Amino acid sequence: MEKNDSVLKTLEYPKVLSLLAECTATSLGREQALALLPSAKFELVEQMLAETDEAFKILNAAAAPPFGGMSDVSSFVQKAALGSVLEPGDINLVGQSLFAARRMKEFFAPLAEEKPLLADIAAGLMPLR
């Protein structure tokens with residue numbers, strides 16, 4: 001990985017990741033963008049490019065996925081799993097995120113045939129019913 005670090009620095013990879021992170025809609029998306037690493041695995045690269053292509057086509061069609069209301073609630077979930085009591089504001093954020101997950105799932109459901117990769121990811125969301 002040491003050789004790769006110098007190559008990534010030469011290619012200004014951290015700057016590319018920073019530019020990508022600026023385009024994200026959520027804090028979790030930003031974290032994932034900043035953590036991206038190149039891969040030499042052809043199948044993984046092909047999958048990620050196909051997902052990117054689907055996302056580009058959705059955005060290019062002037063259809064924006066409903067990211068509003070999504071928050072990083074992982075710390076609240078961990079606290080609750082340990083038996084801690086959540087504050088009302090924390091519960092509200094969790095509820096908003098679950099509602100946002102439902103909206104995201106509903107957004108991608110009709111796109112399942114033409115955008116199967118992203119629709120499959122969205123199908124795995126567990127929204128409030």
# chains A, B, ... in the order shown; residues from 1 in each chain; ligands from 1
call {"tool": "residues_around", "arguments": {"residues": "Ala109 (chain A)", "least_positions_apart": "5", "cutoff": "9 Å", "atoms": "only C-alpha atoms", "output": "PyMOL selection string"}}
result
chain A and resi 104+119-120+122-123
call {"tool": "select_by_dssp", "arguments": {"residues": "chain A", "states": "alpha helix (DSSP H)", "output": "PyMOL selection string"}}
result
chain A and resi 2-10+13-22+27-35+42-60+74-81+88-108+116-123
call {"tool": "atom_distance", "arguments": {"atom1": "CA of Leu98 (chain A)", "atom2": "CA of Lys57 (chain A)"}}
result
25.9 Å
call {"tool": "residues_around", "arguments": {"residues": "Val16 (chain A)", "least_positions_apart": "6", "cutoff": "12 Å", "atoms": "only C-alpha atoms", "output": "JSON, numbers by chain"}}
result
{"A": [8, 9, 10, 22, 23, 33, 34, 35, 36, 37, 38]}
call {"tool": "write_last_selection", "arguments": {"atoms": "all heavy atoms", "output": "PDB file, in the first residue's frame"}}
result
ATOM      1  N   LEU A   8      -1.216   7.711  -5.350  1.00  0.00           N
ATOM      2  CA  LEU A   8      -2.454   8.441  -5.058  1.00  0.00           C
ATOM      3  C   LEU A   8      -2.157   9.912  -4.789  1.00  0.00           C
ATOM      4  O   LEU A   8      -2.920  10.786  -5.204  1.00  0.00           O
ATOM      5  CB  LEU A   8      -3.181   7.817  -3.876  1.00  0.00           C
ATOM      6  CG  LEU A   8      -3.723   6.409  -4.088  1.00  0.00           C
ATOM      7  CD1 LEU A   8      -4.385   5.890  -2.824  1.00  0.00           C
ATOM      8  CD2 LEU A   8      -4.665   6.343  -5.267  1.00  0.00           C
ATOM      9  N   LYS A   9      -1.050  10.171  -4.129  1.00  0.00           N
ATOM     10  CA  LYS A   9      -0.677  11.560  -3.867  1.00  0.00           C
ATOM     11  C   LYS A   9      -0.332  12.275  -5.171  1.00  0.00           C
ATOM     12  O   LYS A   9      -0.745  13.408  -5.393  1.00  0.00           O
ATOM     13  CB  LYS A   9       0.508  11.616  -2.897  1.00  0.00           C
ATOM     14  CG  LYS A   9       0.855  13.005  -2.450  1.00  0.00           C
ATOM     15  CD  LYS A   9       1.948  13.000  -1.417  1.00  0.00           C
ATOM     16  CE  LYS A   9       2.281  14.429  -1.014  1.00  0.00           C
ATOM     17  NZ  LYS A   9       3.357  14.468  -0.027  1.00  0.00           N
ATOM     18  N   THR A  10       0.385  11.601  -6.047  1.00  0.00           N
ATOM     19  CA  THR A  10       0.743  12.177  -7.353  1.00  0.00           C
ATOM     20  C   THR A  10      -0.512  12.478  -8.163  1.00  0.00           C
ATOM     21  O   THR A  10      -0.594  13.506  -8.837  1.00  0.00           O
ATOM     22  CB  THR A  10       1.654  11.211  -8.141  1.00  0.00           C
ATOM     23  OG1 THR A  10       2.841  10.986  -7.377  1.00  0.00           O
ATOM     24  CG2 THR A  10       2.019  11.768  -9.503  1.00  0.00           C
ATOM     25  N   GLU A  22     -17.812  17.039  -1.350  1.00  0.00           N
ATOM     26  CA  GLU A  22     -18.577  18.284  -1.407  1.00  0.00           C
ATOM     27  C   GLU A  22     -19.915  18.106  -2.129  1.00  0.00           C
ATOM     28  O   GLU A  22     -20.828  18.905  -1.942  1.00  0.00           O
ATOM     29  CB  GLU A  22     -17.763  19.374  -2.102  1.00  0.00           C
ATOM     30  CG  GLU A  22     -16.599  19.890  -1.291  1.00  0.00           C
ATOM     31  CD  GLU A  22     -15.764  20.909  -2.048  1.00  0.00           C
ATOM     32  OE1 GLU A  22     -16.252  21.459  -3.064  1.00  0.00           O
ATOM     33  OE2 GLU A  22     -14.618  21.150  -1.622  1.00  0.00           O
ATOM     34  N   CYS A  23     -20.024  17.069  -2.929  1.00  0.00           N
ATOM     35  CA  CYS A  23     -21.245  16.828  -3.704  1.00  0.00           C
ATOM     36  C   CYS A  23     -22.236  15.913  -2.990  1.00  0.00           C
ATOM     37  O   CYS A  23     -23.312  15.641  -3.518  1.00  0.00           O
ATOM     38  CB  CYS A  23     -20.896  16.217  -5.058  1.00  0.00           C
ATOM     39  SG  CYS A  23     -19.904  17.290  -6.099  1.00  0.00           S
ATOM     40  N   ALA A  33     -17.610   8.885   0.931  1.00  0.00           N
ATOM     41  CA  ALA A  33     -16.861   9.446  -0.191  1.00  0.00           C
ATOM     42  C   ALA A  33     -15.403   9.634   0.187  1.00  0.00           C
ATOM     43  O   ALA A  33     -14.496   9.295  -0.591  1.00  0.00           O
ATOM     44  CB  ALA A  33     -17.478  10.773  -0.637  1.00  0.00           C
ATOM     45  N   LEU A  34     -15.155  10.156   1.363  1.00  0.00           N
ATOM     46  CA  LEU A  34     -13.778  10.402   1.802  1.00  0.00           C
ATOM     47  C   LEU A  34     -13.013   9.107   2.072  1.00  0.00           C
ATOM     48  O   LEU A  34     -11.783   9.093   2.044  1.00  0.00           O
ATOM     49  CB  LEU A  34     -13.764  11.292   3.045  1.00  0.00           C
ATOM     50  CG  LEU A  34     -14.211  12.733   2.820  1.00  0.00           C
ATOM     51  CD1 LEU A  34     -14.358  13.467   4.149  1.00  0.00           C
ATOM     52  CD2 LEU A  34     -13.237  13.469   1.901  1.00  0.00           C
ATOM     53  N   ALA A  35     -13.726   8.011   2.314  1.00  0.00           N
ATOM     54  CA  ALA A  35     -13.089   6.728   2.616  1.00  0.00           C
ATOM     55  C   ALA A  35     -12.885   5.845   1.389  1.00  0.00           C
ATOM     56  O   ALA A  35     -12.317   4.757   1.505  1.00  0.00           O
ATOM     57  CB  ALA A  35     -13.923   5.983   3.653  1.00  0.00           C
ATOM     58  N   LEU A  36     -13.342   6.302   0.228  1.00  0.00           N
ATOM     59  CA  LEU A  36     -13.209   5.479  -0.981  1.00  0.00           C
ATOM     60  C   LEU A  36     -11.743   5.190  -1.305  1.00  0.00           C
ATOM     61  O   LEU A  36     -10.900   6.079  -1.218  1.00  0.00           O
ATOM     62  CB  LEU A  36     -13.850   6.174  -2.179  1.00  0.00           C
ATOM     63  CG  LEU A  36     -15.362   6.115  -2.270  1.00  0.00           C
ATOM     64  CD1 LEU A  36     -15.846   6.985  -3.419  1.00  0.00           C
ATOM     65  CD2 LEU A  36     -15.834   4.688  -2.470  1.00  0.00           C
ATOM     66  N   LEU A  37     -11.498   3.967  -1.670  1.00  0.00           N
ATOM     67  CA  LEU A  37     -10.156   3.564  -2.091  1.00  0.00           C
ATOM     68  C   LEU A  37     -10.248   2.921  -3.468  1.00  0.00           C
ATOM     69  O   LEU A  37     -11.229   2.252  -3.778  1.00  0.00           O
ATOM     70  CB  LEU A  37      -9.567   2.553  -1.100  1.00  0.00           C
ATOM     71  CG  LEU A  37      -9.237   3.084   0.290  1.00  0.00           C
ATOM     72  CD1 LEU A  37      -8.828   1.943   1.200  1.00  0.00           C
ATOM     73  CD2 LEU A  37      -8.134   4.126   0.210  1.00  0.00           C
ATOM     74  N   PRO A  38      -9.221   3.111  -4.281  1.00  0.00           N
ATOM     75  CA  PRO A  38      -9.217   2.439  -5.582  1.00  0.00           C
ATOM     76  C   PRO A  38      -9.172   0.924  -5.382  1.00  0.00           C
ATOM     77  O   PRO A  38      -8.723   0.440  -4.348  1.00  0.00           O
ATOM     78  CB  PRO A  38      -7.924   2.927  -6.245  1.00  0.00           C
ATOM     79  CG  PRO A  38      -7.422   4.039  -5.420  1.00  0.00           C
ATOM     80  CD  PRO A  38      -8.041   3.919  -4.069  1.00  0.00           C
TER      81      PRO A  38
END
call {"tool": "residues_around", "arguments": {"residues": "Ala101 (chain A)", "least_positions_apart": "6", "cutoff": "12 Å", "atoms": "only C-alpha atoms", "output": "PDB file with all heavy atoms, in the first residue's frame"}}
result
ATOM      1  N   PRO A  65     -33.172  12.170  -5.793  1.00  0.00           N
ATOM      2  CA  PRO A  65     -33.617  11.300  -4.693  1.00  0.00           C
ATOM      3  C   PRO A  65     -33.898  12.140  -3.444  1.00  0.00           C
ATOM      4  O   PRO A  65     -33.232  13.146  -3.197  1.00  0.00           O
ATOM      5  CB  PRO A  65     -32.420  10.375  -4.466  1.00  0.00           C
ATOM      6  CG  PRO A  65     -31.687  10.391  -5.766  1.00  0.00           C
ATOM      7  CD  PRO A  65     -31.873  11.777  -6.315  1.00  0.00           C
ATOM      8  N   PRO A  66     -34.880  11.739  -2.637  1.00  0.00           N
ATOM      9  CA  PRO A  66     -35.280  12.521  -1.464  1.00  0.00           C
ATOM     10  C   PRO A  66     -34.365  12.303  -0.253  1.00  0.00           C
ATOM     11  O   PRO A  66     -34.657  11.505   0.627  1.00  0.00           O
ATOM     12  CB  PRO A  66     -36.691  12.009  -1.187  1.00  0.00           C
ATOM     13  CG  PRO A  66     -36.661  10.598  -1.669  1.00  0.00           C
ATOM     14  CD  PRO A  66     -35.743  10.587  -2.858  1.00  0.00           C
ATOM     15  N   PHE A  67     -33.244  13.005  -0.229  1.00  0.00           N
ATOM     16  CA  PHE A  67     -32.287  12.841   0.865  1.00  0.00           C
ATOM     17  C   PHE A  67     -32.687  13.593   2.130  1.00  0.00           C
ATOM     18  O   PHE A  67     -32.133  13.367   3.186  1.00  0.00           O
ATOM     19  CB  PHE A  67     -30.896  13.314   0.443  1.00  0.00           C
ATOM     20  CG  PHE A  67     -30.221  12.386  -0.516  1.00  0.00           C
ATOM     21  CD1 PHE A  67     -30.051  12.736  -1.834  1.00  0.00           C
ATOM     22  CD2 PHE A  67     -29.734  11.162  -0.091  1.00  0.00           C
ATOM     23  CE1 PHE A  67     -29.424  11.891  -2.726  1.00  0.00           C
ATOM     24  CE2 PHE A  67     -29.101  10.306  -0.964  1.00  0.00           C
ATOM     25  CZ  PHE A  67     -28.941  10.666  -2.289  1.00  0.00           C
ATOM     26  N   GLY A  68     -33.633  14.500   2.042  1.00  0.00           N
ATOM     27  CA  GLY A  68     -34.019  15.311   3.196  1.00  0.00           C
ATOM     28  C   GLY A  68     -34.458  14.482   4.384  1.00  0.00           C
ATOM     29  O   GLY A  68     -35.171  13.494   4.239  1.00  0.00           O
ATOM     30  N   GLY A  69     -34.006  14.854   5.560  1.00  0.00           N
ATOM     31  CA  GLY A  69     -34.389  14.172   6.785  1.00  0.00           C
ATOM     32  C   GLY A  69     -33.465  13.058   7.207  1.00  0.00           C
ATOM     33  O   GLY A  69     -33.625  12.491   8.289  1.00  0.00           O
ATOM     34  N   MET A  70     -32.474  12.744   6.371  1.00  0.00           N
ATOM     35  CA  MET A  70     -31.544  11.676   6.739  1.00  0.00           C
ATOM     36  C   MET A  70     -30.457  12.229   7.650  1.00  0.00           C
ATOM     37  O   MET A  70     -29.879  13.261   7.376  1.00  0.00           O
ATOM     38  CB  MET A  70     -30.903  11.067   5.498  1.00  0.00           C
ATOM     39  CG  MET A  70     -31.847  10.252   4.695  1.00  0.00           C
ATOM     40  SD  MET A  70     -30.934   9.321   3.459  1.00  0.00           S
ATOM     41  CE  MET A  70     -32.248   8.367   2.779  1.00  0.00           C
ATOM     42  N   SER A  71     -30.227  11.526   8.742  1.00  0.00           N
ATOM     43  CA  SER A  71     -29.187  11.896   9.696  1.00  0.00           C
ATOM     44  C   SER A  71     -28.419  10.650  10.083  1.00  0.00           C
ATOM     45  O   SER A  71     -28.924   9.537   9.965  1.00  0.00           O
ATOM     46  CB  SER A  71     -29.805  12.500  10.955  1.00  0.00           C
ATOM     47  OG  SER A  71     -30.533  13.654  10.668  1.00  0.00           O
ATOM     48  N   VAL A  94     -34.141   9.885  14.880  1.00  0.00           N
ATOM     49  CA  VAL A  94     -34.258   8.505  14.410  1.00  0.00           C
ATOM     50  C   VAL A  94     -35.543   8.347  13.594  1.00  0.00           C
ATOM     51  O   VAL A  94     -35.528   7.764  12.505  1.00  0.00           O
ATOM     52  CB  VAL A  94     -34.228   7.508  15.592  1.00  0.00           C
ATOM     53  CG1 VAL A  94     -34.565   6.094  15.118  1.00  0.00           C
ATOM     54  CG2 VAL A  94     -32.865   7.531  16.275  1.00  0.00           C
ATOM     55  N   GLY A  95     -36.633   8.898  14.094  1.00  0.00           N
ATOM     56  CA  GLY A  95     -37.906   8.821  13.370  1.00  0.00           C
ATOM     57  C   GLY A  95     -37.830   9.510  12.017  1.00  0.00           C
ATOM     58  O   GLY A  95     -38.335   8.985  11.020  1.00  0.00           O
ATOM     59  N   PHE A 107     -39.087   6.088  -3.697  1.00  0.00           N
ATOM     60  CA  PHE A 107     -38.540   6.772  -4.874  1.00  0.00           C
ATOM     61  C   PHE A 107     -37.958   5.761  -5.859  1.00  0.00           C
ATOM     62  O   PHE A 107     -38.166   5.866  -7.068  1.00  0.00           O
ATOM     63  CB  PHE A 107     -37.457   7.776  -4.442  1.00  0.00           C
ATOM     64  CG  PHE A 107     -36.733   8.430  -5.588  1.00  0.00           C
ATOM     65  CD1 PHE A 107     -37.254   9.567  -6.189  1.00  0.00           C
ATOM     66  CD2 PHE A 107     -35.529   7.933  -6.064  1.00  0.00           C
ATOM     67  CE1 PHE A 107     -36.598  10.185  -7.246  1.00  0.00           C
ATOM     68  CE2 PHE A 107     -34.859   8.534  -7.113  1.00  0.00           C
ATOM     69  CZ  PHE A 107     -35.400   9.673  -7.710  1.00  0.00           C
ATOM     70  N   PHE A 108     -37.226   4.775  -5.342  1.00  0.00           N
ATOM     71  CA  PHE A 108     -36.543   3.826  -6.220  1.00  0.00           C
ATOM     72  C   PHE A 108     -37.412   2.652  -6.665  1.00  0.00           C
ATOM     73  O   PHE A 108     -37.100   2.012  -7.666  1.00  0.00           O
ATOM     74  CB  PHE A 108     -35.262   3.305  -5.562  1.00  0.00           C
ATOM     75  CG  PHE A 108     -34.111   4.254  -5.687  1.00  0.00           C
ATOM     76  CD1 PHE A 108     -33.759   5.072  -4.634  1.00  0.00           C
ATOM     77  CD2 PHE A 108     -33.402   4.365  -6.868  1.00  0.00           C
ATOM     78  CE1 PHE A 108     -32.708   5.971  -4.743  1.00  0.00           C
ATOM     79  CE2 PHE A 108     -32.354   5.253  -6.997  1.00  0.00           C
ATOM     80  CZ  PHE A 108     -32.004   6.057  -5.930  1.00  0.00           C
ATOM     81  N   ILE A 121     -30.405  -1.686  -3.770  1.00  0.00           N
ATOM     82  CA  ILE A 121     -29.871  -1.111  -2.539  1.00  0.00           C
ATOM     83  C   ILE A 121     -31.002  -0.479  -1.727  1.00  0.00           C
ATOM     84  O   ILE A 121     -31.115  -0.699  -0.514  1.00  0.00           O
ATOM     85  CB  ILE A 121     -28.775  -0.064  -2.855  1.00  0.00           C
ATOM     86  CG1 ILE A 121     -27.545  -0.763  -3.466  1.00  0.00           C
ATOM     87  CG2 ILE A 121     -28.385   0.702  -1.584  1.00  0.00           C
ATOM     88  CD1 ILE A 121     -26.522   0.189  -4.058  1.00  0.00           C
ATOM     89  N   ALA A 122     -31.839   0.307  -2.391  1.00  0.00           N
ATOM     90  CA  ALA A 122     -32.953   0.967  -1.706  1.00  0.00           C
ATOM     91  C   ALA A 122     -33.959  -0.040  -1.161  1.00  0.00           C
ATOM     92  O   ALA A 122     -34.553   0.187  -0.098  1.00  0.00           O
ATOM     93  CB  ALA A 122     -33.655   1.937  -2.662  1.00  0.00           C
ATOM     94  N   ALA A 123     -34.130  -1.149  -1.831  1.00  0.00           N
ATOM     95  CA  ALA A 123     -35.070  -2.173  -1.360  1.00  0.00           C
ATOM     96  C   ALA A 123     -34.653  -2.735  -0.018  1.00  0.00           C
ATOM     97  O   ALA A 123     -35.487  -3.214   0.761  1.00  0.00           O
ATOM     98  CB  ALA A 123     -35.200  -3.290  -2.388  1.00  0.00           C
ATOM     99  N   GLY A 124     -33.369  -2.661   0.298  1.00  0.00           N
ATOM    100  CA  GLY A 124     -32.864  -3.171   1.572  1.00  0.00           C
ATOM    101  C   GLY A 124     -33.073  -2.225   2.743  1.00  0.00           C
ATOM    102  O   GLY A 124     -32.807  -2.583   3.886  1.00  0.00           O
ATOM    103  N   LEU A 125     -33.566  -1.013   2.473  1.00  0.00           N
ATOM    104  CA  LEU A 125     -33.835  -0.062   3.555  1.00  0.00           C
ATOM    105  C   LEU A 125     -35.006  -0.544   4.395  1.00  0.00           C
ATOM    106  O   LEU A 125     -35.974  -1.074   3.856  1.00  0.00           O
ATOM    107  CB  LEU A 125     -34.129   1.324   2.993  1.00  0.00           C
ATOM    108  CG  LEU A 125     -32.978   2.008   2.267  1.00  0.00           C
ATOM    109  CD1 LEU A 125     -33.469   3.294   1.602  1.00  0.00           C
ATOM    110  CD2 LEU A 125     -31.852   2.322   3.240  1.00  0.00           C
ATOM    111  N   MET A 126     -34.937  -0.329   5.685  1.00  0.00           N
ATOM    112  CA  MET A 126     -35.998  -0.743   6.597  1.00  0.00           C
ATOM    113  C   MET A 126     -36.722   0.496   7.094  1.00  0.00           C
ATOM    114  O   MET A 126     -36.344   1.087   8.113  1.00  0.00           O
ATOM    115  CB  MET A 126     -35.415  -1.522   7.784  1.00  0.00           C
ATOM    116  CG  MET A 126     -34.701  -2.776   7.346  1.00  0.00           C
ATOM    117  SD  MET A 126     -35.794  -3.842   6.438  1.00  0.00           S
ATOM    118  CE  MET A 126     -35.700  -5.301   7.369  1.00  0.00           C
ATOM    119  N   PRO A 127     -37.758   0.928   6.386  1.00  0.00           N
ATOM    120  CA  PRO A 127     -38.466   2.142   6.789  1.00  0.00           C
ATOM    121  C   PRO A 127     -39.556   1.881   7.820  1.00  0.00           C
ATOM    122  O   PRO A 127     -39.913   0.743   8.092  1.00  0.00           O
ATOM    123  CB  PRO A 127     -39.101   2.591   5.470  1.00  0.00           C
ATOM    124  CG  PRO A 127     -39.362   1.313   4.741  1.00  0.00           C
ATOM    125  CD  PRO A 127     -38.227   0.373   5.137  1.00  0.00           C
ATOM    126  N   LEU A 128     -40.048   2.978   8.394  1.00  0.00           N
ATOM    127  CA  LEU A 128     -41.231   2.879   9.256  1.00  0.00           C
ATOM    128  C   LEU A 128     -42.430   2.525   8.397  1.00  0.00           C
ATOM    129  O   LEU A 128     -42.539   2.971   7.271  1.00  0.00           O
ATOM    130  CB  LEU A 128     -41.510   4.215   9.933  1.00  0.00           C
ATOM    131  CG  LEU A 128     -40.623   4.597  11.087  1.00  0.00           C
ATOM    132  CD1 LEU A 128     -40.969   5.995  11.550  1.00  0.00           C
ATOM    133  CD2 LEU A 128     -40.769   3.623  12.244  1.00  0.00           C
ATOM    134  N   ARG A 129     -43.330   1.785   8.909  1.00  0.00           N
ATOM    135  CA  ARG A 129     -44.530   1.433   8.143  1.00  0.00           C
ATOM    136  C   ARG A 129     -45.712   2.191   8.658  1.00  0.00           C
ATOM    137  O   ARG A 129     -45.891   2.504   9.736  1.00  0.00           O
ATOM    138  CB  ARG A 129     -44.780  -0.062   8.248  1.00  0.00           C
ATOM    139  CG  ARG A 129     -43.605  -0.847   7.737  1.00  0.00           C
ATOM    140  CD  ARG A 129     -44.044  -1.859   6.728  1.00  0.00           C
ATOM    141  NE  ARG A 129     -42.845  -2.517   6.240  1.00  0.00           N
ATOM    142  CZ  ARG A 129     -42.486  -2.512   4.992  1.00  0.00           C
ATOM    143  NH1 ARG A 129     -43.188  -1.891   4.081  1.00  0.00           N
ATOM    144  NH2 ARG A 129     -41.412  -3.128   4.601  1.00  0.00           N
TER     145      ARG A 129
END
call {"tool": "atom_distance", "arguments": {"atom1": "CA of Met48 (chain A)", "atom2": "CA of Lys115 (chain A)"}}
result
13.3 Å
call {"tool": "closest_residue", "arguments": {"among": "A:Phe42, A:Asp5, A:Asn92, A:Glu54", "to": "Ala112 (chain A)", "atoms": "only C-alpha atoms"}}
result
A:Glu54
call {"tool": "atom_distance", "arguments": {"atom1": "CA of Pro88 (chain A)", "atom2": "CA of Glu106 (chain A)"}}
result
27.0 Å
call {"tool": "closest_residue", "arguments": {"among": "A:Glu51, A:Glu12, A:Glu46, A:Asp90", "to": "Ser74 (chain A)", "atoms": "only C-alpha atoms"}}
result
A:Asp90
call {"tool": "closest_residue", "arguments": {"among": "A:Ile58, A:Ala21, A:Leu44, A:Val73", "to": "Gln96 (chain A)", "atoms": "only C-alpha atoms"}}
result
A:Val73
call {"tool": "closest_residue", "arguments": {"among": "A:Asp53, A:Lys41, A:Ala64, A:Leu28", "to": "Arg103 (chain A)", "atoms": "only C-alpha atoms"}}
result
A:Ala64
